[in-house]
$ cat final20.json   # JSON, C-alpha atoms and all ligand atoms
[["chain", "number", "residue", "atom", "x", "y", "z"],
["A", 105, "MET", "CA", 99.63, 118.96, 90.64],
["A", 106, "ILE", "CA", 97.02, 116.25, 90.74],
["A", 107, "ASN", "CA", 93.30, 116.82, 90.48],
["A", 108, "LYS", "CA", 90.47, 114.33, 90.84],
["A", 109, "LYS", "CA", 86.90, 114.64, 89.61],
["A", 110, "ASN", "CA", 83.75, 113.27, 91.29],
["A", 111, "VAL", "CA", 85.49, 112.37, 94.51],
["A", 112, "ASP", "CA", 83.76, 110.47, 97.31],
["A", 113, "LEU", "CA", 84.73, 112.57, 100.31],
["A", 114, "SER", "CA", 84.11, 109.81, 102.85],
["A", 115, "THR", "CA", 87.79, 108.90, 102.67],
["A", 116, "TYR", "CA", 88.71, 112.55, 103.28],
["A", 117, "SER", "CA", 86.54, 112.83, 106.39],
["A", 118, "THR", "CA", 87.34, 111.31, 109.79],
["A", 119, "ALA", "CA", 83.58, 110.76, 110.20],
["A", 120, "GLY", "CA", 83.44, 108.80, 106.93],
["A", 121, "ILE", "CA", 80.28, 110.56, 105.73],
["A", 122, "HIS", "CA", 79.62, 110.15, 101.99],
["A", 123, "SER", "CA", 79.45, 113.17, 99.72],
["A", 124, "ASN", "CA", 80.39, 113.78, 96.14],
["A", 125, "ALA", "CA", 82.84, 116.57, 95.33],
["A", 126, "LYS", "CA", 82.92, 117.84, 91.77],
["A", 127, "ILE", "CA", 86.67, 118.45, 91.87],
["A", 128, "VAL", "CA", 89.51, 118.20, 94.37],
["A", 129, "TYR", "CA", 92.95, 119.72, 93.69],
["A", 130, "PHE", "CA", 96.10, 118.48, 95.40],
["A", 131, "PRO", "CA", 98.80, 121.20, 95.13],
["A", 132, "GLU", "CA", 102.40, 120.08, 95.72],
["A", 133, "SER", "CA", 104.19, 123.44, 95.88],
["A", 134, "MET", "CA", 103.67, 127.10, 96.64],
["A", 135, "GLY", "CA", 103.48, 127.76, 92.89],
["A", 136, "ASP", "CA", 100.65, 125.25, 92.56],
["A", 137, "VAL", "CA", 98.68, 126.91, 95.37],
["A", 138, "GLN", "CA", 99.25, 130.38, 93.90],
["A", 139, "LYS", "CA", 98.06, 129.20, 90.50],
["A", 140, "LEU", "CA", 94.88, 127.78, 92.03],
["A", 141, "LEU", "CA", 94.12, 130.81, 94.16],
["A", 142, "LYS", "CA", 94.58, 133.17, 91.22],
["A", 143, "SER", "CA", 92.22, 131.14, 89.06],
["A", 144, "MET", "CA", 89.34, 130.76, 91.53],
["A", 145, "ASP", "CA", 86.88, 133.13, 93.17],
["A", 146, "ASN", "CA", 85.51, 130.55, 95.52],
["A", 147, "PHE", "CA", 87.11, 127.44, 96.99],
["A", 148, "ILE", "CA", 87.20, 125.26, 100.08],
["A", 149, "ILE", "CA", 90.46, 124.41, 101.84],
["A", 150, "LEU", "CA", 90.47, 120.88, 103.22],
["A", 151, "GLY", "CA", 93.12, 119.46, 105.55],
["A", 152, "GLY", "CA", 92.57, 116.12, 107.26],
["A", 153, "GLY", "CA", 88.77, 116.38, 107.26],
["A", 154, "SER", "CA", 88.54, 116.04, 111.05],
["A", 155, "ASN", "CA", 86.41, 119.11, 111.59],
["A", 156, "THR", "CA", 84.36, 119.53, 108.40],
["A", 157, "LEU", "CA", 80.94, 118.14, 107.57],
["A", 158, "PHE", "CA", 80.16, 118.09, 103.85],
["A", 159, "ALA", "CA", 76.67, 118.00, 102.32],
["A", 160, "GLU", "CA", 75.84, 115.32, 99.72],
["A", 161, "GLU", "CA", 76.93, 117.33, 96.64],
["A", 162, "ILE", "CA", 79.81, 119.79, 96.72],
["A", 163, "ASP", "CA", 80.22, 121.91, 93.59],
["A", 164, "THR", "CA", 82.72, 124.37, 95.03],
["A", 165, "PRO", "CA", 86.30, 123.35, 94.12],
["A", 166, "ILE", "CA", 88.23, 121.84, 97.03],
["A", 167, "ILE", "CA", 91.94, 122.40, 97.63],
["A", 168, "ASN", "CA", 93.29, 119.51, 99.69],
["A", 169, "THR", "CA", 96.60, 120.03, 101.48],
["A", 170, "ALA", "CA", 97.57, 116.35, 101.68],
["A", 171, "LEU", "CA", 100.60, 116.71, 99.37],
["A", 172, "LEU", "CA", 101.95, 119.77, 101.19],
["A", 173, "ASN", "CA", 103.46, 117.37, 103.66],
["A", 174, "LYS", "CA", 107.13, 118.28, 104.09],
["A", 175, "ILE", "CA", 109.00, 119.06, 107.29],
["A", 176, "ASP", "CA", 112.37, 120.86, 107.30],
["A", 177, "SER", "CA", 114.48, 121.35, 110.37],
["A", 178, "GLU", "CA", 116.73, 124.38, 110.73],
["A", 179, "LYS", "CA", 118.77, 124.45, 113.96],
["A", 180, "ASP", "CA", 116.15, 124.50, 116.73],
["A", 181, "ARG", "CA", 113.29, 125.20, 114.35],
["A", 182, "LEU", "CA", 110.87, 123.08, 112.38],
["A", 183, "VAL", "CA", 109.24, 124.34, 109.20],
["A", 184, "VAL", "CA", 106.10, 122.30, 108.77],
["A", 185, "GLN", "CA", 103.88, 122.45, 105.68],
["A", 186, "SER", "CA", 100.18, 122.77, 106.41],
["A", 187, "GLY", "CA", 99.25, 119.28, 105.19],
["A", 188, "VAL", "CA", 101.54, 117.47, 107.64],
["A", 189, "LYS", "CA", 99.49, 115.15, 109.79],
["A", 190, "ASN", "CA", 99.33, 115.89, 113.51],
["A", 191, "SER", "CA", 100.21, 112.24, 114.14],
["A", 192, "ILE", "CA", 103.60, 112.78, 112.42],
["A", 193, "LEU", "CA", 104.27, 115.86, 114.52],
["A", 194, "GLN", "CA", 103.25, 113.94, 117.60],
["A", 195, "ARG", "CA", 105.90, 111.31, 116.84],
["A", 196, "ILE", "CA", 108.55, 114.04, 116.50],
["A", 197, "ALA", "CA", 107.38, 115.59, 119.79],
["A", 198, "ILE", "CA", 107.74, 112.29, 121.63],
["A", 199, "LYS", "CA", 111.17, 111.59, 120.16],
["A", 200, "ASN", "CA", 112.50, 115.01, 121.20],
["A", 201, "ASN", "CA", 110.54, 115.71, 124.41],
["A", 202, "TYR", "CA", 108.96, 118.77, 122.76],
["A", 203, "ILE", "CA", 106.52, 119.56, 125.52],
["A", 204, "ASP", "CA", 104.44, 122.32, 123.86],
["A", 205, "LEU", "CA", 103.69, 120.09, 120.89],
["A", 206, "LEU", "CA", 101.82, 117.71, 123.19],
["A", 207, "SER", "CA", 98.89, 120.10, 122.74],
["A", 208, "ILE", "CA", 98.19, 118.26, 119.47],
["A", 209, "TYR", "CA", 98.61, 114.78, 120.99],
["A", 210, "GLY", "CA", 96.07, 112.34, 119.59],
["A", 211, "LEU", "CA", 94.38, 114.94, 117.37],
["A", 212, "PRO", "CA", 93.43, 113.65, 113.95],
["A", 213, "GLY", "CA", 93.87, 115.98, 111.00],
["A", 214, "THR", "CA", 96.70, 118.24, 109.93],
["A", 215, "ILE", "CA", 98.80, 120.98, 111.47],
["A", 216, "GLY", "CA", 97.17, 123.51, 109.10],
["A", 217, "GLY", "CA", 93.74, 122.59, 110.43],
["A", 218, "ALA", "CA", 94.99, 122.64, 114.02],
["A", 219, "VAL", "CA", 96.41, 126.15, 113.55],
["A", 220, "LYS", "CA", 93.30, 127.41, 111.76],
["A", 221, "GLY", "CA", 91.06, 126.15, 114.56],
["A", 222, "ASN", "CA", 93.53, 126.61, 117.44],
["A", 223, "ALA", "CA", 92.88, 122.97, 118.26],
["A", 224, "THR", "CA", 94.32, 121.49, 121.41],
["A", 225, "LEU", "CA", 93.92, 118.43, 123.56],
["A", 226, "PHE", "CA", 94.42, 120.45, 126.73],
["A", 227, "ASN", "CA", 92.31, 123.44, 127.65],
["A", 228, "ASP", "CA", 95.29, 125.37, 129.04],
["A", 229, "MET", "CA", 97.84, 124.73, 126.26],
["A", 230, "SER", "CA", 98.05, 126.02, 122.72],
["A", 231, "LEU", "CA", 100.24, 125.19, 119.77],
["A", 232, "PHE", "CA", 100.63, 128.94, 119.28],
["A", 233, "LYS", "CA", 103.10, 129.00, 122.20],
["A", 234, "SER", "CA", 105.72, 127.43, 119.93],
["A", 235, "ILE", "CA", 104.81, 129.12, 116.64],
["A", 236, "VAL", "CA", 107.41, 131.61, 115.41],
["A", 237, "SER", "CA", 105.79, 132.53, 112.10],
["A", 238, "ILE", "CA", 103.20, 131.40, 109.59],
["A", 239, "ARG", "CA", 103.41, 131.88, 105.85],
["A", 240, "ILE", "CA", 100.03, 132.48, 104.27],
["A", 241, "LEU", "CA", 98.81, 133.18, 100.76],
["A", 242, "ASP", "CA", 95.93, 135.57, 100.25],
["A", 243, "LYS", "CA", 93.11, 135.15, 97.72],
["A", 244, "LYS", "CA", 95.31, 136.55, 94.97],
["A", 245, "GLY", "CA", 98.18, 134.21, 95.82],
["A", 246, "ARG", "CA", 100.32, 136.92, 97.47],
["A", 247, "LEU", "CA", 102.66, 135.67, 100.19],
["A", 248, "TYR", "CA", 102.65, 137.10, 103.73],
["A", 249, "VAL", "CA", 104.65, 136.15, 106.78],
["A", 250, "ILE", "CA", 102.74, 136.56, 110.04],
["A", 251, "LYS", "CA", 104.64, 136.83, 113.31],
["A", 252, "ASN", "CA", 102.03, 138.28, 115.65],
["A", 253, "PHE", "CA", 99.04, 136.18, 116.60],
["A", 254, "SER", "CA", 95.85, 136.70, 118.52],
["A", 255, "PRO", "CA", 94.25, 133.26, 118.70],
["A", 256, "HIS", "CA", 90.95, 132.75, 120.47],
["A", 257, "TYR", "CA", 89.28, 129.65, 121.84],
["A", 258, "ARG", "CA", 89.06, 127.19, 118.90],
["A", 259, "ASP", "CA", 89.95, 129.94, 116.45],
["A", 260, "GLY", "CA", 93.52, 130.62, 115.35],
["A", 261, "ASN", "CA", 92.34, 133.93, 113.87],
["A", 262, "ILE", "CA", 94.42, 133.40, 110.72],
["A", 263, "ASN", "CA", 93.01, 134.43, 107.35],
["A", 264, "GLY", "CA", 94.24, 133.10, 104.04],
["A", 265, "PHE", "CA", 95.74, 129.82, 102.86],
["A", 266, "ILE", "CA", 98.16, 128.56, 105.51],
["A", 267, "TYR", "CA", 101.20, 127.35, 103.55],
["A", 268, "ASP", "CA", 103.65, 126.49, 106.30],
["A", 269, "ILE", "CA", 104.32, 127.05, 109.97],
["A", 270, "THR", "CA", 107.68, 127.64, 111.63],
["A", 271, "LEU", "CA", 107.86, 126.16, 115.10],
["A", 272, "SER", "CA", 110.43, 126.60, 117.81],
["A", 273, "PRO", "CA", 109.47, 123.78, 120.17],
["A", 274, "LYS", "CA", 111.06, 123.59, 123.62],
["A", 275, "THR", "CA", 112.55, 120.41, 125.02],
["A", 276, "ASN", "CA", 111.53, 119.63, 128.60],
["A", 277, "SER", "CA", 112.76, 116.24, 129.75],
["A", 278, "GLU", "CA", 111.68, 116.77, 133.36],
["A", 279, "HIS", "CA", 107.95, 117.33, 132.81],
["A", 280, "PHE", "CA", 107.46, 115.64, 129.45],
["A", 281, "GLU", "CA", 106.62, 112.15, 130.68],
["A", 282, "GLY", "CA", 104.03, 113.41, 133.16],
["A", 283, "LEU", "CA", 102.23, 115.49, 130.55],
["A", 284, "LEU", "CA", 102.41, 112.67, 128.00],
["A", 285, "ASN", "CA", 100.67, 110.36, 130.47],
["A", 286, "LYS", "CA", 98.01, 113.01, 131.08],
["A", 287, "ALA", "CA", 97.50, 113.35, 127.30],
["A", 288, "LYS", "CA", 97.17, 109.57, 126.91],
["A", 289, "LYS", "CA", 94.57, 109.49, 129.70],
["A", 290, "ILE", "CA", 92.45, 112.27, 128.14],
["A", 291, "ARG", "CA", 92.56, 110.59, 124.72],
["A", 292, "LYS", "CA", 91.69, 107.19, 126.20],
["A", 293, "GLU", "CA", 88.58, 108.64, 127.77],
["A", 294, "GLN", "CA", 87.38, 110.30, 124.55],
["A", 295, "PRO", "CA", 85.04, 108.20, 122.40],
["A", 296, "LYS", "CA", 86.46, 105.89, 119.72],
["A", 297, "GLY", "CA", 84.87, 105.44, 116.30],
["A", 298, "SER", "CA", 84.38, 107.65, 113.24],
["A", 299, "SER", "CA", 83.63, 111.19, 114.37],
["A", 300, "LEU", "CA", 84.48, 114.84, 113.81],
["A", 301, "GLY", "CA", 85.74, 115.29, 117.38],
["A", 302, "SER", "CA", 83.76, 117.82, 119.39],
["A", 303, "VAL", "CA", 80.69, 118.92, 117.46],
["A", 304, "PHE", "CA", 80.05, 122.09, 119.49],
["A", 305, "LYS", "CA", 82.30, 124.61, 121.18],
["A", 306, "ASN", "CA", 81.99, 124.75, 124.93],
["A", 307, "PRO", "CA", 79.81, 127.70, 125.96],
["A", 308, "LYS", "CA", 81.63, 129.88, 128.51],
["A", 309, "GLY", "CA", 81.65, 128.11, 131.87],
["A", 310, "HIS", "CA", 79.99, 124.95, 130.54],
["A", 311, "SER", "CA", 80.82, 121.70, 128.81],
["A", 312, "ALA", "CA", 78.71, 121.16, 125.69],
["A", 313, "GLY", "CA", 78.98, 117.40, 126.25],
["A", 314, "GLN", "CA", 77.64, 117.66, 129.77],
["A", 315, "LEU", "CA", 74.73, 119.89, 128.69],
["A", 316, "ILE", "CA", 73.75, 117.43, 125.94],
["A", 317, "ASP", "CA", 74.14, 114.58, 128.43],
["A", 318, "GLU", "CA", 71.87, 116.30, 130.94],
["A", 319, "CYS", "CA", 69.23, 116.61, 128.22],
["A", 320, "GLY", "CA", 69.23, 112.79, 128.12],
["A", 321, "LEU", "CA", 70.53, 112.64, 124.56],
["A", 322, "LYS", "CA", 73.53, 110.33, 124.89],
["A", 323, "GLY", "CA", 72.97, 107.28, 122.69],
["A", 324, "LYS", "CA", 70.33, 109.12, 120.59],
["A", 325, "ARG", "CA", 70.49, 107.81, 117.04],
["A", 326, "LYS", "CA", 69.42, 108.98, 113.59],
["A", 327, "GLY", "CA", 70.14, 106.54, 110.80],
["A", 328, "GLY", "CA", 73.82, 105.64, 110.91],
["A", 329, "VAL", "CA", 74.90, 108.39, 113.32],
["A", 330, "LYS", "CA", 74.54, 108.41, 117.10],
["A", 331, "ILE", "CA", 75.42, 110.74, 119.93],
["A", 332, "SER", "CA", 78.12, 108.82, 121.76],
["A", 333, "GLU", "CA", 77.02, 106.95, 124.87],
["A", 334, "SER", "CA", 80.21, 108.06, 126.63],
["A", 335, "HIS", "CA", 80.40, 111.77, 125.66],
["A", 336, "GLY", "CA", 77.54, 114.01, 124.54],
["A", 337, "ASN", "CA", 79.69, 116.20, 122.29],
["A", 338, "PHE", "CA", 80.94, 113.39, 120.03],
["A", 339, "PHE", "CA", 78.68, 112.09, 117.26],
["A", 340, "ILE", "CA", 79.71, 108.69, 115.92],
["A", 341, "ASN", "CA", 79.06, 107.38, 112.42],
["A", 342, "ASP", "CA", 78.85, 103.63, 112.96],
["A", 343, "ASN", "CA", 76.57, 102.55, 110.13],
["A", 344, "ASN", "CA", 76.89, 104.48, 106.85],
["A", 345, "GLY", "CA", 75.58, 107.69, 108.37],
["A", 346, "THR", "CA", 74.66, 110.60, 106.14],
["A", 347, "TYR", "CA", 75.01, 114.37, 106.23],
["A", 348, "LYS", "CA", 71.28, 114.59, 106.97],
["A", 349, "ASP", "CA", 71.59, 112.17, 109.93],
["A", 350, "PHE", "CA", 74.38, 114.31, 111.37],
["A", 351, "ILE", "CA", 72.45, 117.58, 110.86],
["A", 352, "TYR", "CA", 69.33, 116.09, 112.44],
["A", 353, "LEU", "CA", 71.28, 115.28, 115.63],
["A", 354, "ILE", "CA", 72.95, 118.71, 115.64],
["A", 355, "ASP", "CA", 69.54, 120.37, 115.47],
["A", 356, "ILE", "CA", 68.04, 118.13, 118.17],
["A", 357, "ALA", "CA", 70.96, 118.78, 120.56],
["A", 358, "LYS", "CA", 70.88, 122.54, 119.95],
["A", 359, "ALA", "CA", 67.13, 122.76, 120.49],
["A", 360, "ALA", "CA", 67.20, 120.64, 123.65],
["A", 361, "VAL", "CA", 70.04, 122.64, 125.26],
["A", 362, "GLN", "CA", 68.37, 125.92, 124.31],
["A", 363, "GLU", "CA", 65.06, 124.81, 125.74],
["A", 364, "ARG", "CA", 66.35, 123.30, 128.96],
["A", 365, "PHE", "CA", 69.21, 125.66, 129.86],
["A", 366, "ASN", "CA", 68.56, 128.70, 127.67],
["A", 367, "ILE", "CA", 72.11, 128.29, 126.32],
["A", 368, "GLN", "CA", 72.97, 128.56, 122.64],
["A", 369, "LEU", "CA", 75.39, 125.92, 121.37],
["A", 370, "ASP", "CA", 77.72, 127.09, 118.61],
["A", 371, "LEU", "CA", 79.28, 124.64, 116.20],
["A", 372, "GLU", "CA", 82.95, 123.77, 116.37],
["A", 373, "VAL", "CA", 82.49, 121.65, 113.26],
["A", 374, "LYS", "CA", 82.46, 123.55, 109.98],
["A", 375, "ILE", "CA", 79.54, 122.78, 107.69],
["A", 376, "VAL", "CA", 80.02, 123.02, 103.91],
["A", 377, "GLU", "CA", 76.69, 123.01, 102.10],
["A", 378, "LYS", "CA", 77.55, 123.27, 98.41],
["B", 1, "LIG", "N1", 80.70, 115.49, 130.92],
["B", 1, "LIG", "C1", 79.49, 114.89, 131.22],
["B", 1, "LIG", "N2", 78.84, 114.24, 130.22],
["B", 1, "LIG", "C2", 79.33, 114.18, 128.96],
["B", 1, "LIG", "C3", 80.55, 114.79, 128.67],
["B", 1, "LIG", "C4", 81.23, 115.45, 129.68],
["B", 1, "LIG", "O1", 79.00, 114.94, 132.35],
["B", 1, "LIG", "O2", 78.66, 113.55, 128.11],
["B", 1, "LIG", "C5", 81.41, 116.19, 132.01],
["B", 1, "LIG", "C6", 82.72, 115.49, 132.36],
["B", 1, "LIG", "O3", 82.52, 114.47, 133.30],
["B", 1, "LIG", "C7", 83.54, 116.64, 132.91],
["B", 1, "LIG", "C8", 83.06, 117.85, 132.10],
["B", 1, "LIG", "O4", 81.79, 117.48, 131.56],
["B", 1, "LIG", "O5", 83.23, 116.86, 134.26],
["B", 1, "LIG", "C9", 84.02, 118.23, 130.98],
["B", 1, "LIG", "O6", 84.15, 117.12, 130.07],
["B", 1, "LIG", "P1", 85.53, 116.74, 129.38],
["B", 1, "LIG", "O7", 86.61, 116.64, 130.37],
["B", 1, "LIG", "O8", 85.24, 115.58, 128.51],
["B", 1, "LIG", "O9", 85.90, 118.02, 128.56],
["B", 1, "LIG", "P2", 85.06, 118.77, 127.45],
["B", 1, "LIG", "O10", 84.69, 120.10, 128.00],
["B", 1, "LIG", "O11", 83.96, 117.96, 126.89],
["B", 1, "LIG", "C10", 87.13, 119.97, 126.33],
["B", 1, "LIG", "C11", 87.49, 120.23, 124.89],
["B", 1, "LIG", "C12", 88.27, 119.05, 124.33],
["B", 1, "LIG", "C13", 89.52, 118.83, 125.17],
["B", 1, "LIG", "C14", 89.08, 118.54, 126.60],
["B", 1, "LIG", "C15", 90.30, 118.41, 127.52],
["B", 1, "LIG", "C16", 85.91, 121.60, 123.66],
["B", 1, "LIG", "C17", 84.67, 121.63, 122.85],
["B", 1, "LIG", "N3", 86.28, 120.40, 124.10],
["B", 1, "LIG", "O12", 86.18, 118.90, 126.32],
["B", 1, "LIG", "O13", 88.68, 119.40, 123.02],
["B", 1, "LIG", "O14", 90.28, 117.75, 124.66],
["B", 1, "LIG", "O15", 88.28, 119.64, 127.10],
["B", 1, "LIG", "O16", 89.91, 117.93, 128.75],
["B", 1, "LIG", "O17", 86.52, 122.63, 123.89],
["B", 1, "LIG", "C18", 87.84, 119.38, 120.79],
["B", 1, "LIG", "O18", 87.75, 120.61, 120.84],
["B", 1, "LIG", "O19", 87.54, 118.74, 119.75],
["B", 1, "LIG", "C19", 88.24, 118.63, 121.96],
["B", 1, "LIG", "C20", 88.17, 117.30, 122.00]]
$ encode --input "final20.json" --output "structure tokens"
Amino acid sequence: MINKKNVDLSTYSTAGIHSNAKIVYFPESMGDVQKLLKSMDNFIILGGGSNTLFAEEIDTPIINTALLNKIDSEKDRLVVQSGVKNSILQRIAIKNNYIDLLSIYGLPGTIGGAVKGNATLFNDMSLFKSIVSIRILDKKGRLYVIKNFSPHYRDGNINGFIYDITLSPKTNSEHFEGLLNKAKKIRKEQPKGSSLGSVFKNPKGHSAGQLIDECGLKGKRKGGVKISESHGNFFINDNNGTYKDFIYLIDIAKAAVQERFNIQLDLEVKIVEK
């Protein structure tokens, strides 16, 4: 197992925000993860960094899943380790017409992160439809196999360290192409540039992006970060933005939406402060 000290997390964040992590561990096996979990009271699990905003100095040890990146196929099943990138799974989906896996089309980050946050490109499709089981390790490193799930909107409702996920994806040659084109269209319309995807969850019956837009905040800038001109729920780091720039815009957007619509915006992005 590799570990690195004083790591600049900008390369581990899709928003490219600088922060210094005291130590990052890169386990390569279940044994490595168990050893880490048993030896630590407090830790942060980091996948592809597409949904986490880190403060300037992070003292809490980070466990990065990047080297848990193997995929095994068993008959009609795929066993995917949590650090496998969604882009790799997307390629497999396209090759095999695995229609349910199109839910992760174009998502940055890893399958572990997507499962944890029940991430999806489409509002009416979830990766959980093709998940057979998930192996997790608890805080003491004990192994559990979960087969029953109750995911919520942007919350997979899974506790523990996600080690691997067994998928049973369905092939659908008839409808695959149509859905793939729809996925491409949605992705094309989402803002480009370094971001953490959607900053806020959509409040019931509303689009966070539209609410922020209607407050006149699209294009609003603080330092190196701006609220995208094309979508109010994407904040883009285009000029060495900082954690504080990002937080400033989060606070401004929250306050404006609260004041104008009396609606509370809840973060989709996870903030790690120390
Ligand atoms: N809209 C505006 N102004 C904006 C942004 C959006 O008027 O600045 C309007 C759009 O024109 C549209 C409506 O708001 O009429 C909804 O916008 P959009 O289709 O962009 O969808 P969204 O609600 O912003 C949600 C998910 C996305 C998912 C798309 C699929 C959340 C927070 N966002 O976005 O998921 O891909 O639907 O259409 O649930 C994510 O969670 O990171 C994510 C990207």
$ closest_residue --input "final20.json" --among "A:Lys251, A:Lys189, A:Lys322, A:Lys220" --to "ligand LIG 1 (chain B)" --atoms "only C-alpha atoms and all ligand atoms"
A:Lys322
$ residues_near_ligand --input "final20.json" --ligand "ligand LIG 1 (chain B)" --cutoff "6 Å" --atoms "only C-alpha atoms and all ligand atoms" --output "PyMOL selection string"
chain A and resi 225-227+301-302+304-306+311+313-314+317+334-336
$ axis_aligned_box --input "final20.json" --around "segment 211-229 of chain A" --padding-each-side "6 Å" --output "AutoDock Vina command-line options"
--center_x 94.9 --center_y 120.5 --center_z 119.1 --size_x 19.7 --size_y 25.8 --size_z 31.9
$ residues_around --input "final20.json" --residues "Leu283 of chain A" --least-positions-apart "2" --cutoff "12 Å" --atoms "only C-alpha atoms" --output "list in words"
Ala197, Ile198, Asn201, Tyr202, Ile203, Asp204, Leu205, Leu206, Ser207, Tyr209, Leu225, Phe226, Met229, Asn276, Ser277, Glu278, His279, Phe280, Glu281, Asn285, Lys286, Ala287, Lys288, Lys289 and Ile290 of chain A
$ atom_distance --input "final20.json" --atom1 "atom CA of Thr169 of chain A" --atom2 "atom CA of Glu132 of chain A"
8.2 Å
$ closest_atom_pairs --input "final20.json" --of "segment 205-273 of chain A" --to "segment 154-158 of chain A" --cutoff "10 Å" --atoms "only C-alpha atoms" --output "JSON lines"
{"residue": "A:Leu211", "atom": "CA", "partner": "A:Ser154", "partner_atom": "CA", "distance": 8.7}
{"residue": "A:Pro212", "atom": "CA", "partner": "A:Ser154", "partner_atom": "CA", "distance": 6.2}
{"residue": "A:Gly213", "atom": "CA", "partner": "A:Ser154", "partner_atom": "CA", "distance": 5.3}
{"residue": "A:Thr214", "atom": "CA", "partner": "A:Ser154", "partner_atom": "CA", "distance": 8.5}
{"residue": "A:Gly217", "atom": "CA", "partner": "A:Asn155", "partner_atom": "CA", "distance": 8.2}
{"residue": "A:Ala218", "atom": "CA", "partner": "A:Asn155", "partner_atom": "CA", "distance": 9.6}
{"residue": "A:Gly221", "atom": "CA", "partner": "A:Asn155", "partner_atom": "CA", "distance": 8.9}
$ residues_around --input "final20.json" --residues "Ile166 of chain A" --least-positions-apart "5" --cutoff "7 Å" --atoms "all atoms listed in the file" --output "list in words"
Ile127, Val128, Tyr129, Phe147, Ile148, Ile149 and Leu150 of chain A
$ residues_near_point --input "final20.json" --point "(101.3, 127.6, 112.0)" --cutoff "7 Å" --atoms "all atoms listed in the file" --output "MDAnalysis selection string"
chainID A and resid 216 219 235 237:238 268:270
$ build_atoms --input "final20.json" --residues "segment 245-249 of chain A" --atoms "all heavy atoms" --output "mmCIF file, in the frame of the given file"
data_model
loop_
_atom_site.group_PDB
_atom_site.id
_atom_site.type_symbol
_atom_site.label_atom_id
_atom_site.label_comp_id
_atom_site.auth_asym_id
_atom_site.auth_seq_id
_atom_site.Cartn_x
_atom_site.Cartn_y
_atom_site.Cartn_z
ATOM 1 N N GLY A 245 96.944 134.995 95.854
ATOM 2 C CA GLY A 245 98.180 134.210 95.820
ATOM 3 C C GLY A 245 99.389 134.953 96.347
ATOM 4 O O GLY A 245 100.516 134.484 96.216
ATOM 5 N N ARG A 246 99.180 136.163 96.937
ATOM 6 C CA ARG A 246 100.320 136.920 97.470
ATOM 7 C C ARG A 246 100.761 136.333 98.811
ATOM 8 O O ARG A 246 99.926 135.937 99.622
ATOM 9 C CB ARG A 246 99.938 138.399 97.663
ATOM 10 C CG ARG A 246 99.753 139.121 96.331
ATOM 11 C CD ARG A 246 99.263 140.522 96.541
ATOM 12 N NE ARG A 246 97.955 140.527 97.179
ATOM 13 C CZ ARG A 246 97.012 141.436 96.962
ATOM 14 N NH1 ARG A 246 97.223 142.429 96.109
ATOM 15 N NH2 ARG A 246 95.845 141.373 97.585
ATOM 16 N N LEU A 247 102.081 136.312 98.996
ATOM 17 C CA LEU A 247 102.660 135.670 100.190
ATOM 18 C C LEU A 247 102.858 136.675 101.327
ATOM 19 O O LEU A 247 103.366 137.770 101.120
ATOM 20 C CB LEU A 247 104.019 135.066 99.794
ATOM 21 C CG LEU A 247 104.823 134.377 100.882
ATOM 22 C CD1 LEU A 247 104.122 133.122 101.384
ATOM 23 C CD2 LEU A 247 106.217 134.012 100.359
ATOM 24 N N TYR A 248 102.454 136.283 102.522
ATOM 25 C CA TYR A 248 102.650 137.100 103.730
ATOM 26 C C TYR A 248 103.273 136.239 104.817
ATOM 27 O O TYR A 248 102.964 135.050 104.918
ATOM 28 C CB TYR A 248 101.316 137.643 104.256
ATOM 29 C CG TYR A 248 100.646 138.631 103.337
ATOM 30 C CD1 TYR A 248 99.795 138.183 102.318
ATOM 31 C CD2 TYR A 248 100.865 139.997 103.478
ATOM 32 C CE1 TYR A 248 99.187 139.076 101.464
ATOM 33 C CE2 TYR A 248 100.255 140.903 102.621
ATOM 34 C CZ TYR A 248 99.421 140.439 101.618
ATOM 35 O OH TYR A 248 98.825 141.325 100.771
ATOM 36 N N VAL A 249 104.106 136.857 105.617
ATOM 37 C CA VAL A 249 104.650 136.150 106.780
ATOM 38 C C VAL A 249 104.053 136.793 108.028
ATOM 39 O O VAL A 249 104.216 138.002 108.236
ATOM 40 C CB VAL A 249 106.193 136.246 106.838
ATOM 41 C CG1 VAL A 249 106.733 135.453 108.033
ATOM 42 C CG2 VAL A 249 106.803 135.733 105.544
#
